[in-house]
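Participant: Input: one structure, supplied below.
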Amino acid sequence: MAAADVRFKLNTGAEIPALGLGTWQSGPGEVANAVQHAIKAGYRHIDTALCYGNEHEVGQGIKEAIDAGIVKREDLFVTTKLWCSFHDRVEEGLETSLKNLGLDYLDLFLMHWPLAMNSKGNHNIFPKLPDGSRDIVHSHSHVTTWKSLEKLVPSGKVKAIGVSNYSVQYLEELLPQATITPAANQIENHPSLPQQEIVDFCNKKGIHITAYSPLGSTGSPLFTAAPIVEVAQKRGVTPATVLLSWHIARGSSVLAKSVTPARIEANRNDLVHLDAEDMATIKKYSDDLTANKKLQRFVFPPFGVNFGFPDKV
Ligand SMILES: NC(=O)C1=CN([C@@H]2O[C@H](COP(=O)(O)OP(=O)(O)OC[C@H]3O[C@@H](n4cnc5c(N)ncnc54)[C@H](OP(=O)(O)O)[C@@H]3O)[C@@H](O)[C@H]2O)C=CC1
Ligand SMILES: O=C[C@H](O)[C@@H](O)[C@@H](O)[C@H](O)C(=O)O
């Protein structure tokens, strides 16, 4: 099977395609085309979020692909995320996303970050306090939000629920109180931030890992990391191929964002199976960064909250 066609099983029994199209910072006027192009190129997994402000256009891209007869809705795996200012109105968050996307169900609905922002604050998405800091409701527990997410499942409007940006510490708080084990934990993950402890913990608990920012996010800074270049040269592939394929070898799905048609195609078509020697080269790079405290986390919004990430404490 081609690496691009690999699927992983979730704890619900459903399958998640190994490669998904990311859409964070995919702007208006470009993301519908990106989504449609990706589906035409064989992608079956699309990732978005309410706070990206582009669900409407993502939905348009999906609709165009379905109307053109390229896929049926049931062939696609669509993920979106509950934003922080919706933790005390979870059903409204879901209904808003479904309406934006023009869909009647999601394959996966994630809690975007395990903290609540003020739903009655001075902005619907990014409420702030007078001092400019984020308006966070520290008294609201992420476990309460999870309980509300669990209540959505019987409606059939969410085929699976999961979390994002969860550390081991947060999962240890959540799991004893959860009736439904999260199907997935979407985390920043790449050789410069391997997060082995959370990957191992989730594997043990049957929680699938989806990796975000696999290229190092905006501008793909990880393309120049020496061991990645070394493996790419040895294999005669691009650094993007190495960075994306690494996750599939680890049993994770991976999200690559692009609005550039040639890159969208390349990211899917060039995926390869990395062998043990390639994985060992990359592991040594990750281990050295860990030992020297040089791990790189590219996505760390100014919430001012301790998420229990070992590289941030
Ligand atoms: N749950 C969460 O909190 C988060 C989730 N995510 C999800 O993960 C997705 C991926 O992460 P993201 O942070 O966007 O970053 P990525 O690591 O996917 O990198 C995206 C950048 O790489 C460029 N790029 C993509 N493919 C290639 C290529 N083949 N050659 C050269 N450049 C390339 C893109 O440019 P261009 O588009 O111009 O082609 C863009 O600048 C997000 O879009 C989002 O869906 C991301 C962050 C946080
Ligand atoms: O999914 C991507 C990221 O988590 C993104 O949603 C956040 O970084 C957000 O822009 C924020 O500023 O809090």
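In the structure tokens, each chain is lettered A, B, ... as it comes, each chain's residues begin at 1, and ligands are numbered from 1 in order of appearance.
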Identify, on the basis of only C-alpha atoms, every residue whose closest approach to Val137 in chain A does not exceed 12 Å; exclude the query and any residue fewer than 4 positions from it along the same chain; express the result as a list in words.

Facilitator: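 Neighbouring residues, sequence-local ones excluded: Cys84, Ser85, Phe86, His87, Asp88, Pro114, Leu115, Ala116, Met117, Asn118, Ser119, Lys120, Gly121, Pro127, Lys128, Leu129, Ser141, His142, Phe303 and Val305 of chain A.
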
Participant: Give me a file of those residues, with C-alpha atoms, as a PDB file, in the first residue's frame.

Facilitator:
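This went into part-v7.pdb:
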```
ATOM      1  CA  CYS A  84     -11.928  28.024  23.949  1.00  0.00           C
ATOM      2  CA  SER A  85     -14.673  30.647  24.166  1.00  0.00           C
ATOM      3  CA  PHE A  86     -17.283  27.906  23.579  1.00  0.00           C
ATOM      4  CA  HIS A  87     -16.465  25.632  26.527  1.00  0.00           C
ATOM      5  CA  ASP A  88     -19.685  26.597  28.320  1.00  0.00           C
ATOM      6  CA  PRO A 114      -7.863  22.428  27.447  1.00  0.00           C
ATOM      7  CA  LEU A 115      -8.921  25.790  28.794  1.00  0.00           C
ATOM      8  CA  ALA A 116     -11.944  28.049  28.647  1.00  0.00           C
ATOM      9  CA  MET A 117     -12.006  31.676  27.566  1.00  0.00           C
ATOM     10  CA  ASN A 118     -14.812  34.008  28.608  1.00  0.00           C
ATOM     11  CA  SER A 119     -17.864  33.437  26.388  1.00  0.00           C
ATOM     12  CA  LYS A 120     -19.259  36.799  27.499  1.00  0.00           C
ATOM     13  CA  GLY A 121     -16.021  38.696  27.019  1.00  0.00           C
ATOM     14  CA  PRO A 127     -11.737  37.964  24.439  1.00  0.00           C
ATOM     15  CA  LYS A 128      -9.162  40.057  26.259  1.00  0.00           C
ATOM     16  CA  LEU A 129      -8.882  41.740  29.655  1.00  0.00           C
ATOM     17  CA  SER A 141     -12.320  22.715  34.189  1.00  0.00           C
ATOM     18  CA  HIS A 142     -11.493  21.061  30.881  1.00  0.00           C
ATOM     19  CA  PHE A 303      -2.612  31.912  27.136  1.00  0.00           C
ATOM     20  CA  VAL A 305      -1.322  28.854  31.371  1.00  0.00           C
TER      21      VAL A 305
END
```

Participant: As an MDAnalysis selection string, please: every protein or nucleic acid residue near ligand 1 (cut-off 7 Å, counting only C-alpha atoms and all ligand atoms).

Facilitator: chainID A and resid 21:26 47:48 112:113 164:165 186:188 212:220 240 255:260 263:264 266:267 299

Participant: Write a file of the selected residues as an mmCIF file, in the first residue's frame, keeping N, CA and C atoms.

Facilitator:
```
data_model
loop_
_atom_site.group_PDB
_atom_site.id
_atom_site.type_symbol
_atom_site.label_atom_id
_atom_site.label_comp_id
_atom_site.auth_asym_id
_atom_site.auth_seq_id
_atom_site.Cartn_x
_atom_site.Cartn_y
_atom_site.Cartn_z
ATOM 1 N N LEU A 21 -5.094 17.351 5.179
ATOM 2 C CA LEU A 21 -4.752 18.717 4.758
ATOM 3 C C LEU A 21 -5.008 19.663 5.925
ATOM 4 N N GLY A 22 -3.996 20.418 6.324
ATOM 5 C CA GLY A 22 -4.160 21.447 7.351
ATOM 6 C C GLY A 22 -4.669 22.728 6.713
ATOM 7 N N THR A 23 -5.394 23.524 7.505
ATOM 8 C CA THR A 23 -5.955 24.766 6.933
ATOM 9 C C THR A 23 -5.764 25.984 7.835
ATOM 10 N N TRP A 24 -4.977 25.846 8.903
ATOM 11 C CA TRP A 24 -4.731 27.018 9.762
ATOM 12 C C TRP A 24 -3.954 28.057 8.945
ATOM 13 N N GLN A 25 -4.411 29.277 8.983
ATOM 14 C CA GLN A 25 -3.783 30.408 8.269
ATOM 15 C C GLN A 25 -3.911 30.277 6.748
ATOM 16 N N SER A 26 -4.781 29.378 6.295
ATOM 17 C CA SER A 26 -5.100 29.319 4.861
ATOM 18 C C SER A 26 -6.183 30.366 4.646
ATOM 19 N N ASP A 47 -8.557 19.022 7.962
ATOM 20 C CA ASP A 47 -8.555 19.524 9.343
ATOM 21 C C ASP A 47 -8.797 21.036 9.344
ATOM 22 N N THR A 48 -9.775 21.458 10.155
ATOM 23 C CA THR A 48 -9.996 22.892 10.295
ATOM 24 C C THR A 48 -10.377 23.182 11.753
ATOM 25 N N HIS A 112 -10.083 22.128 21.314
ATOM 26 C CA HIS A 112 -8.884 22.693 20.683
ATOM 27 C C HIS A 112 -7.734 22.883 21.678
ATOM 28 N N TRP A 113 -8.044 23.467 22.813
ATOM 29 C CA TRP A 113 -7.079 23.642 23.918
ATOM 30 C C TRP A 113 -7.824 23.359 25.217
ATOM 31 N N SER A 164 -7.007 18.059 21.955
ATOM 32 C CA SER A 164 -5.847 18.612 21.257
ATOM 33 C C SER A 164 -5.018 19.379 22.280
ATOM 34 N N ASN A 165 -3.722 19.371 22.081
ATOM 35 C CA ASN A 165 -2.808 20.087 22.976
ATOM 36 C C ASN A 165 -2.892 19.579 24.419
ATOM 37 N N GLN A 186 -4.563 15.653 19.224
ATOM 38 C CA GLN A 186 -3.836 16.352 18.149
ATOM 39 C C GLN A 186 -2.812 17.276 18.799
ATOM 40 N N ILE A 187 -1.539 17.015 18.511
ATOM 41 C CA ILE A 187 -0.465 17.749 19.195
ATOM 42 C C ILE A 187 0.593 18.225 18.201
ATOM 43 N N GLU A 188 1.334 19.249 18.603
ATOM 44 C CA GLU A 188 2.487 19.636 17.789
ATOM 45 C C GLU A 188 3.507 18.500 17.869
ATOM 46 N N TYR A 212 0.535 17.890 14.399
ATOM 47 C CA TYR A 212 0.381 19.161 13.674
ATOM 48 C C TYR A 212 1.713 19.892 13.570
ATOM 49 N N SER A 213 1.754 20.864 12.664
ATOM 50 C CA SER A 213 2.982 21.625 12.361
ATOM 51 C C SER A 213 4.174 20.709 12.058
ATOM 52 N N PRO A 214 3.981 19.681 11.226
ATOM 53 C CA PRO A 214 5.062 18.704 10.986
ATOM 54 C C PRO A 214 6.259 19.300 10.256
ATOM 55 N N LEU A 215 6.034 20.414 9.559
ATOM 56 C CA LEU A 215 7.142 21.019 8.797
ATOM 57 C C LEU A 215 7.780 22.163 9.587
ATOM 58 N N GLY A 216 7.234 22.398 10.785
ATOM 59 C CA GLY A 216 7.729 23.508 11.604
ATOM 60 C C GLY A 216 6.843 24.731 11.458
ATOM 61 N N SER A 217 5.634 24.522 10.910
ATOM 62 C CA SER A 217 4.646 25.583 10.706
ATOM 63 C C SER A 217 5.109 26.606 9.653
ATOM 64 N N THR A 218 4.654 27.837 9.800
ATOM 65 C CA THR A 218 4.830 28.835 8.736
ATOM 66 C C THR A 218 6.260 28.888 8.205
ATOM 67 N N GLY A 219 6.385 28.749 6.895
ATOM 68 C CA GLY A 219 7.697 28.847 6.260
ATOM 69 C C GLY A 219 8.509 27.563 6.334
ATOM 70 N N SER A 220 7.926 26.503 6.919
ATOM 71 C CA SER A 220 8.557 25.166 7.001
ATOM 72 C C SER A 220 10.035 25.185 7.414
ATOM 73 N N ALA A 240 10.479 17.545 3.064
ATOM 74 C CA ALA A 240 9.039 17.471 3.385
ATOM 75 C C ALA A 240 8.602 16.016 3.448
ATOM 76 N N LEU A 255 -0.857 16.213 9.707
ATOM 77 C CA LEU A 255 -1.545 17.273 8.957
ATOM 78 C C LEU A 255 -0.507 18.167 8.307
ATOM 79 N N ALA A 256 -0.589 18.319 6.987
ATOM 80 C CA ALA A 256 0.315 19.246 6.306
ATOM 81 C C ALA A 256 -0.535 20.344 5.697
ATOM 82 N N LYS A 257 -0.171 21.576 6.034
ATOM 83 C CA LYS A 257 -0.922 22.704 5.472
ATOM 84 C C LYS A 257 -0.211 23.226 4.230
ATOM 85 N N SER A 258 -0.974 23.431 3.179
ATOM 86 C CA SER A 258 -0.458 24.199 2.053
ATOM 87 C C SER A 258 -1.639 24.746 1.263
ATOM 88 N N VAL A 259 -1.431 25.919 0.674
ATOM 89 C CA VAL A 259 -2.427 26.445 -0.262
ATOM 90 C C VAL A 259 -1.845 26.448 -1.675
ATOM 91 N N THR A 260 -0.675 25.818 -1.827
ATOM 92 C CA THR A 260 0.023 25.815 -3.119
ATOM 93 C C THR A 260 -0.226 24.465 -3.808
ATOM 94 N N ARG A 263 2.542 21.868 -4.057
ATOM 95 C CA ARG A 263 2.969 21.334 -2.749
ATOM 96 C C ARG A 263 1.931 20.372 -2.195
ATOM 97 N N ILE A 264 0.664 20.720 -2.378
ATOM 98 C CA ILE A 264 -0.416 19.827 -1.903
ATOM 99 C C ILE A 264 -0.241 18.463 -2.559
ATOM 100 N N ALA A 266 2.577 17.222 -4.019
ATOM 101 C CA ALA A 266 3.849 16.584 -3.630
ATOM 102 C C ALA A 266 3.749 15.980 -2.242
ATOM 103 N N ASN A 267 3.128 16.701 -1.313
ATOM 104 C CA ASN A 267 3.069 16.211 0.072
ATOM 105 C C ASN A 267 2.361 14.862 0.152
ATOM 106 N N VAL A 299 4.216 26.429 18.105
ATOM 107 C CA VAL A 299 2.867 26.952 18.381
ATOM 108 C C VAL A 299 2.665 27.002 19.897
#
```

Participant: List as a VMD selection string the protein and nucleic acid residues near range 8-20 of chain A, meaning an atom at most 8 Å away when only C-alpha atoms are counted, but skip any in the same chain fewer than 5 places from it.

Facilitator: chain A and resid 43 to 47 77 160 183 to 184 206 to 208 248 251 to 256 268

Participant: Measuring between only C-alpha atoms, which one of A:Tyr285, A:Thr145, A:Glu265, A:Val237 shows the shortest distance to Arg89 in chain A?

Facilitator: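 Closest residue, counting only C-alpha atoms: A:Thr145.
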
Participant: Taking into account only C-alpha atoms, which residue in the set A:Ser133, A:Asn292, A:Asn269, A:Thr144 is nearest to Val90 in chain A?

Facilitator: A:Thr144

Participant: Skipping near chain neighbours, those fewer than 5 positions away, what residues fall within 8 Å of range 146-159 of chain A using only C-alpha atoms, listed as a PDB file with N, CA and C atoms, in the first residue's frame?

Facilitator:
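Printed below is part_8.pdb as written:
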```pdb
ATOM      1  N   VAL A  90     -21.028  24.159  24.375  1.00  0.00           N
ATOM      2  CA  VAL A  90     -20.409  23.184  23.479  1.00  0.00           C
ATOM      3  C   VAL A  90     -21.324  22.831  22.306  1.00  0.00           C
ATOM      4  N   GLU A  91     -22.617  22.674  22.603  1.00  0.00           N
ATOM      5  CA  GLU A  91     -23.551  22.324  21.527  1.00  0.00           C
ATOM      6  C   GLU A  91     -23.623  23.460  20.507  1.00  0.00           C
ATOM      7  N   ASP A 104     -23.675  17.835   7.899  1.00  0.00           N
ATOM      8  CA  ASP A 104     -24.578  17.443   8.977  1.00  0.00           C
ATOM      9  C   ASP A 104     -23.918  16.551  10.012  1.00  0.00           C
ATOM     10  N   TYR A 105     -22.658  16.179   9.781  1.00  0.00           N
ATOM     11  CA  TYR A 105     -21.906  15.510  10.850  1.00  0.00           C
ATOM     12  C   TYR A 105     -20.414  15.744  10.648  1.00  0.00           C
ATOM     13  N   LEU A 106     -19.673  15.534  11.733  1.00  0.00           N
ATOM     14  CA  LEU A 106     -18.198  15.589  11.696  1.00  0.00           C
ATOM     15  C   LEU A 106     -17.666  14.189  11.962  1.00  0.00           C
ATOM     16  N   ASP A 107     -16.507  13.904  11.401  1.00  0.00           N
ATOM     17  CA  ASP A 107     -15.861  12.626  11.722  1.00  0.00           C
ATOM     18  C   ASP A 107     -15.139  12.712  13.054  1.00  0.00           C
ATOM     19  N   LEU A 108     -14.668  13.907  13.389  1.00  0.00           N
ATOM     20  CA  LEU A 108     -13.939  14.085  14.650  1.00  0.00           C
ATOM     21  C   LEU A 108     -14.104  15.529  15.114  1.00  0.00           C
ATOM     22  N   PHE A 109     -14.502  15.673  16.380  1.00  0.00           N
ATOM     23  CA  PHE A 109     -14.666  16.999  16.981  1.00  0.00           C
ATOM     24  C   PHE A 109     -13.712  17.053  18.171  1.00  0.00           C
ATOM     25  N   MET A 111     -11.565  19.106  21.327  1.00  0.00           N
ATOM     26  CA  MET A 111     -11.409  20.269  22.205  1.00  0.00           C
ATOM     27  C   MET A 111     -10.064  20.898  21.814  1.00  0.00           C
ATOM     28  N   ALA A 178     -13.583  10.387  32.614  1.00  0.00           N
ATOM     29  CA  ALA A 178     -14.214  10.322  31.292  1.00  0.00           C
ATOM     30  C   ALA A 178     -15.020   9.043  31.134  1.00  0.00           C
ATOM     31  N   THR A 179     -16.181   9.158  30.508  1.00  0.00           N
ATOM     32  CA  THR A 179     -16.954   7.965  30.151  1.00  0.00           C
ATOM     33  C   THR A 179     -16.469   7.471  28.792  1.00  0.00           C
ATOM     34  N   ILE A 180     -16.137   8.421  27.915  1.00  0.00           N
ATOM     35  CA  ILE A 180     -15.605   8.084  26.591  1.00  0.00           C
ATOM     36  C   ILE A 180     -14.128   8.467  26.571  1.00  0.00           C
TER      37      ILE A 180
END
```

Participant: Per DSSP on the backbone, what are the strand (DSSP E) residues of range 17-177 of chain A, as a ChimeraX atom specification?

Facilitator: /A:17,19-22,45-47,77-82,108-111,161-164

Participant: Counting only C-alpha atoms and all ligand atoms, which residue out of A:Arg73, A:Arg134, A:His37, A:Lys234 sits closest to ligand 2?

Facilitator: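 When distances to ligand 2 are compared using only C-alpha atoms and all ligand atoms, the smallest one comes from A:Arg134.
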